[in-house]
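Undergrad: Sharing a structure here in structure tokens format.
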Amino acid sequence: MADFNINHITGKQGQQGTVLAGVTTVSSTGAMRIPSGPTEQRGGRGRGVFGGGESPTRLNNLDLITIATTGNASDFGDLVETATNIGACGSSTRGIWFGGETPSVSDTIQYIIFSSQGGSNDFGSLSSARLNHNSGLSDNTRGITAGGYASPSYYNLIEYVTMASTGDASDFGDLSTNKYAIASLSSPTRGIFAGGDPGTGKTNVIEYITIQSKGNSQDFGDMTVAKMNSGGAASSTRGLMMGGKNPSTQDTIDYITIATLGNAADFGDTTGAASKVAAVSNSVRAVMGGGGANDMSYVTIASTGNATDFGNLITARASLGACSDSHGGIGD
């Protein structure tokens, strides 16, 4: 048996460390934990990515933040298709953006690997092209998009993809009505769609689905204010709807307990009234960005209270999509 002596191993920031080959045994008076799981799952959790939008021209920028800290966003790369009014969702390894306006209506689905910073790749296509905040949510395996608008039509379609693969979206069911600009969020079992505009005025309706089944959405309750273009974020138990518009921009934050049914309650206020925003979260913190500015603000999901400044996006923008690798749909 060969002796195995270690003085120093590097590699935390991506540099090559010591390589062990063949049959190796270790005897230690301390503790040693061998990394497990796919490479793409290690070292990258806790990231949020904001992508696309307009300022006022359409953007393909992807901005990266570390949700547990505060500070300005850094460059992640670019979307393969410049788009605004775009929905997004994420697993622990991949982020996905659905459709958007390019300026034509797009049916493109594109994805990123959270642990890299190389921009997006083509995933597949939606069953129909629809823009203006088709909404996105997910658990750790299935990504879902719902609603949308492509003049003159409003949509109630719910579609899904298996995020670890690539390919076209499949039919899941329908929302209760055709509408767009819906806030969306999820627990590991339920997906929530809140508010939006069905073409007859803003709505306060909250609906839910069971992510791993298929079928039409069901009534959950109502938001405190009817509004569209809010940012949705969640821990595994509590969901937030941040900002929005009806008819003026809003600073309200609503919250729900995802496992129960009932009306939303007041959480607090954002740092300023904002619409056409997006939000990301981990199990502790929700971060909202966009709305035509480059501001980001955050709240602690388990508490209530007003938002606090987080930092700045690289570019001021509105009508963007955002996702994270550690949100409530993935679980704690």
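Chain identifiers are assigned as A, B, and so on, following the order in which chains appear in the structure tokens; residues are numbered from 1 within each chain, and ligands are numbered from 1 in order of appearance.
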Which residues of segment 67-112 of chain A come within 12 Å of segment 144-161 of chain A, and for each one, what is the closest pair of atoms and their distance in Å to one decimal, counting only C-alpha atoms, sorted by chain and residue number, as JSON lines?
TA:
```
{"residue": "A:Asn85", "atom": "CA", "partner": "A:Gly148", "partner_atom": "CA", "distance": 9.2}
{"residue": "A:Ile86", "atom": "CA", "partner": "A:Gly148", "partner_atom": "CA", "distance": 9.5}
{"residue": "A:Gly87", "atom": "CA", "partner": "A:Thr145", "partner_atom": "CA", "distance": 7.1}
{"residue": "A:Ala88", "atom": "CA", "partner": "A:Thr145", "partner_atom": "CA", "distance": 7.9}
{"residue": "A:Cys89", "atom": "CA", "partner": "A:Ile144", "partner_atom": "CA", "distance": 7.6}
{"residue": "A:Gly90", "atom": "CA", "partner": "A:Ile144", "partner_atom": "CA", "distance": 9.8}
{"residue": "A:Ser91", "atom": "CA", "partner": "A:Ile144", "partner_atom": "CA", "distance": 11.3}
{"residue": "A:Gly95", "atom": "CA", "partner": "A:Ile144", "partner_atom": "CA", "distance": 11.9}
{"residue": "A:Ile96", "atom": "CA", "partner": "A:Val161", "partner_atom": "CA", "distance": 9.7}
{"residue": "A:Trp97", "atom": "CA", "partner": "A:Thr145", "partner_atom": "CA", "distance": 9.3}
{"residue": "A:Phe98", "atom": "CA", "partner": "A:Thr145", "partner_atom": "CA", "distance": 7.1}
{"residue": "A:Gly99", "atom": "CA", "partner": "A:Thr145", "partner_atom": "CA", "distance": 9.5}
{"residue": "A:Gly100", "atom": "CA", "partner": "A:Gly148", "partner_atom": "CA", "distance": 9.2}
{"residue": "A:Glu101", "atom": "CA", "partner": "A:Ala150", "partner_atom": "CA", "distance": 9.2}
{"residue": "A:Pro103", "atom": "CA", "partner": "A:Ala150", "partner_atom": "CA", "distance": 11.3}
{"residue": "A:Ser104", "atom": "CA", "partner": "A:Ala150", "partner_atom": "CA", "distance": 9.4}
{"residue": "A:Val105", "atom": "CA", "partner": "A:Ala150", "partner_atom": "CA", "distance": 6.8}
{"residue": "A:Ser106", "atom": "CA", "partner": "A:Ala150", "partner_atom": "CA", "distance": 9.6}
{"residue": "A:Asp107", "atom": "CA", "partner": "A:Ala150", "partner_atom": "CA", "distance": 11.1}
{"residue": "A:Ile109", "atom": "CA", "partner": "A:Val161", "partner_atom": "CA", "distance": 9.6}
{"residue": "A:Gln110", "atom": "CA", "partner": "A:Val161", "partner_atom": "CA", "distance": 11.4}
{"residue": "A:Tyr111", "atom": "CA", "partner": "A:Val161", "partner_atom": "CA", "distance": 11.5}
```
Undergrad: Would you put the residues from that selection into a file with C-alpha atoms, as an mmCIF file, in the first residue's frame?
TA:
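Printed below is again37.cif as written:
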```
data_model
loop_
_atom_site.group_PDB
_atom_site.id
_atom_site.type_symbol
_atom_site.label_atom_id
_atom_site.label_comp_id
_atom_site.auth_asym_id
_atom_site.auth_seq_id
_atom_site.Cartn_x
_atom_site.Cartn_y
_atom_site.Cartn_z
ATOM 1 C CA ASN A 85 -41.160 39.922 -22.825
ATOM 2 C CA ILE A 86 -39.641 36.529 -22.105
ATOM 3 C CA GLY A 87 -40.457 33.907 -19.454
ATOM 4 C CA ALA A 88 -37.841 31.817 -17.638
ATOM 5 C CA CYS A 89 -37.389 28.986 -15.124
ATOM 6 C CA GLY A 90 -34.553 26.914 -13.686
ATOM 7 C CA SER A 91 -33.439 23.550 -12.299
ATOM 8 C CA GLY A 95 -31.879 27.871 -16.711
ATOM 9 C CA ILE A 96 -34.454 28.058 -19.525
ATOM 10 C CA TRP A 97 -35.975 31.015 -21.400
ATOM 11 C CA PHE A 98 -39.229 30.643 -23.361
ATOM 12 C CA GLY A 99 -40.254 32.586 -26.485
ATOM 13 C CA GLY A 100 -40.335 36.375 -26.396
ATOM 14 C CA GLU A 101 -40.392 39.180 -28.944
ATOM 15 C CA PRO A 103 -39.230 41.832 -32.661
ATOM 16 C CA SER A 104 -41.291 39.131 -34.358
ATOM 17 C CA VAL A 105 -43.070 36.690 -32.049
ATOM 18 C CA SER A 106 -40.714 33.847 -31.128
ATOM 19 C CA ASP A 107 -41.299 30.167 -30.334
ATOM 20 C CA ILE A 109 -36.652 27.825 -26.162
ATOM 21 C CA GLN A 110 -33.054 28.371 -25.051
ATOM 22 C CA TYR A 111 -31.034 27.216 -22.043
#
```
Undergrad: Once DSSP has gone over the backbone, tell me which residues of segment 185-291 of chain A are in strand (DSSP E), as a VMD selection string.
TA: chain A and resid 185 to 186 190 to 194 205 to 210 218 to 222 231 to 234 238 to 245 249 to 257 265 to 269 277 to 281 285 to 290
Undergrad: Show which residues sit within 7 Å of segment 244-260 of chain A, as an mmCIF file with N, CA and C atoms, in the first residue's frame. Count only C-alpha atoms, and ignore same-chain residues fewer than 6 positions away.
TA:
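Okay, out.cif is ready:
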```cif
data_model
loop_
_atom_site.group_PDB
_atom_site.id
_atom_site.type_symbol
_atom_site.label_atom_id
_atom_site.label_comp_id
_atom_site.auth_asym_id
_atom_site.auth_seq_id
_atom_site.Cartn_x
_atom_site.Cartn_y
_atom_site.Cartn_z
ATOM 1 N N SER A 187 -43.311 25.720 -5.578
ATOM 2 C CA SER A 187 -42.736 24.859 -4.557
ATOM 3 C C SER A 187 -42.288 23.579 -5.257
ATOM 4 N N LYS A 202 -56.781 44.278 -15.649
ATOM 5 C CA LYS A 202 -55.895 43.467 -14.808
ATOM 6 C C LYS A 202 -56.713 42.562 -13.896
ATOM 7 N N MET A 223 -54.942 37.891 -5.193
ATOM 8 C CA MET A 223 -53.953 38.839 -4.698
ATOM 9 C C MET A 223 -54.653 40.013 -4.019
ATOM 10 N N THR A 224 -53.896 40.789 -3.234
ATOM 11 C CA THR A 224 -54.482 41.961 -2.568
ATOM 12 C C THR A 224 -54.798 43.064 -3.562
ATOM 13 N N ALA A 226 -55.237 43.736 -7.966
ATOM 14 C CA ALA A 226 -55.215 43.234 -9.338
ATOM 15 C C ALA A 226 -54.073 43.902 -10.086
ATOM 16 N N LYS A 227 -53.168 43.112 -10.695
ATOM 17 C CA LYS A 227 -52.028 43.710 -11.387
ATOM 18 C C LYS A 227 -51.405 42.717 -12.359
ATOM 19 N N MET A 228 -50.586 43.242 -13.260
ATOM 20 C CA MET A 228 -49.842 42.474 -14.236
ATOM 21 C C MET A 228 -48.363 42.838 -14.118
ATOM 22 N N ASN A 229 -47.507 42.062 -14.803
ATOM 23 C CA ASN A 229 -46.074 42.361 -14.883
ATOM 24 C C ASN A 229 -45.391 42.413 -13.520
ATOM 25 N N SER A 230 -45.813 41.532 -12.591
ATOM 26 C CA SER A 230 -45.137 41.393 -11.303
ATOM 27 C C SER A 230 -44.029 40.353 -11.416
ATOM 28 N N THR A 237 -41.875 26.933 0.649
ATOM 29 C CA THR A 237 -43.167 27.022 1.331
ATOM 30 C C THR A 237 -43.929 28.309 1.046
ATOM 31 N N ARG A 238 -43.244 29.412 0.801
ATOM 32 C CA ARG A 238 -43.899 30.715 0.664
ATOM 33 C C ARG A 238 -43.597 31.341 -0.684
ATOM 34 N N ASP A 266 -50.518 41.059 2.603
ATOM 35 C CA ASP A 266 -49.495 42.084 2.369
ATOM 36 C C ASP A 266 -48.182 41.688 3.040
ATOM 37 N N PHE A 267 -47.093 41.788 2.298
ATOM 38 C CA PHE A 267 -45.751 41.473 2.794
ATOM 39 C C PHE A 267 -44.983 42.742 3.145
ATOM 40 N N GLY A 268 -45.101 43.768 2.302
ATOM 41 C CA GLY A 268 -44.367 45.015 2.441
ATOM 42 C C GLY A 268 -44.307 45.709 1.099
ATOM 43 N N ASP A 269 -43.306 46.527 0.911
ATOM 44 C CA ASP A 269 -43.170 47.295 -0.326
ATOM 45 C C ASP A 269 -41.789 47.103 -0.939
ATOM 46 N N THR A 270 -41.723 47.207 -2.259
ATOM 47 C CA THR A 270 -40.438 47.263 -2.942
ATOM 48 C C THR A 270 -39.787 48.622 -2.680
ATOM 49 N N GLY A 272 -39.073 50.872 -4.704
ATOM 50 C CA GLY A 272 -39.730 51.868 -5.547
ATOM 51 C C GLY A 272 -40.735 51.180 -6.430
ATOM 52 N N ALA A 273 -41.774 51.885 -6.842
ATOM 53 C CA ALA A 273 -42.777 51.297 -7.717
ATOM 54 C C ALA A 273 -42.117 50.822 -9.016
ATOM 55 N N ALA A 274 -42.448 49.611 -9.459
ATOM 56 C CA ALA A 274 -41.805 49.047 -10.644
ATOM 57 C C ALA A 274 -42.717 48.026 -11.297
ATOM 58 N N SER A 275 -42.726 48.019 -12.622
ATOM 59 C CA SER A 275 -43.476 47.058 -13.405
ATOM 60 C C SER A 275 -42.550 46.460 -14.456
ATOM 61 N N LYS A 276 -42.993 45.368 -15.086
ATOM 62 C CA LYS A 276 -42.183 44.655 -16.079
ATOM 63 C C LYS A 276 -40.859 44.224 -15.464
#
```
Undergrad: Please, what distance in Å, to one decimal, runs between atom CA of Gly331 of chain A and atom CA of Arg285 of chain A?
TA: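 It comes out at 13.3 Å.
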Undergrad: May I ask for the distance between atom CA of Ala164 of chain A and atom CA of Arg142 of chain A, given in Å to one decimal place?
TA: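 Answer for the atom CA of Ala164 of chain A to atom CA of Arg142 of chain A separation: 8.4 Å.
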Undergrad: From the list A:His327, A:Arg317, A:Arg45, A:Arg94, which residue is nearest Met296 of chain A when using only C-alpha atoms?
TA: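 Result for the nearest residue to Met296 of chain A: A:Arg317.
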Undergrad: What is the atom CA of Ala68 of chain A-atom CA of Ile192 of chain A distance in Å, reported with one decimal?
TA: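 According to the coordinates, atom CA of Ala68 of chain A and atom CA of Ile192 of chain A are separated by 23.8 Å.
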Undergrad: With distances taken over only C-alpha atoms, which residue among A:Asp219, A:Asp325, A:Glu81, A:Glu207 lies nearest Asp139 of chain A?
TA: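 Among the listed residues, A:Asp325 lies closest to Asp139 of chain A.
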Undergrad: Looking at only C-alpha atoms, which of A:Thr84, A:Ser116, A:Ser138, A:Ser184 is the one that sits closest to Pro56 of chain A?
TA: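 Nearest candidate to Pro56 of chain A out of A:Thr84, A:Ser116, A:Ser138, A:Ser184: A:Thr84.
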Undergrad: Set the distance at 12 Å and use only C-alpha atoms: which residues neighbour segment 77-80 of chain A once local chain neighbours fewer than 6 positions away are removed? I'd like the list as a ChimeraX atom specification.
TA: /A:49-53,58-64,86,95-100,102,108-114,116-123,314,320-321
Undergrad: Given only C-alpha atoms as the basis, pick out the residue of A:Thr82, A:Gln218, A:Ser170, A:Ser235 nearest to Phe193 of chain A.
TA: A:Gln218
Undergrad: Pick the closest to Leu261 of chain A from A:Gly136, A:Gly231, A:Gly221, A:Gly290: which is it, counting only C-alpha atoms?
TA: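 Using only C-alpha atoms, Leu261 of chain A sits closest to A:Gly221.
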Undergrad: With a distance cut-off of 8 Å and only C-alpha atoms, select the neighbouring residues of Thr162 of chain A, excluding the residue or stretch itself and same-chain residues fewer than 3 positions from it, and output the selection as a list of chain:residue names.
TA: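 Listed by chain and then number, they are A:Thr141, A:Arg142, A:Gly143, A:Ser165, A:Thr166.
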Undergrad: Which of these residues is nearest to Asp174 of chain A, using only C-alpha atoms: A:Gly328, A:Gly215, A:Arg190, A:Gly196?
TA: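 Ranking A:Gly328, A:Gly215, A:Arg190, A:Gly196 by distance to Asp174 of chain A, first place goes to A:Gly215.
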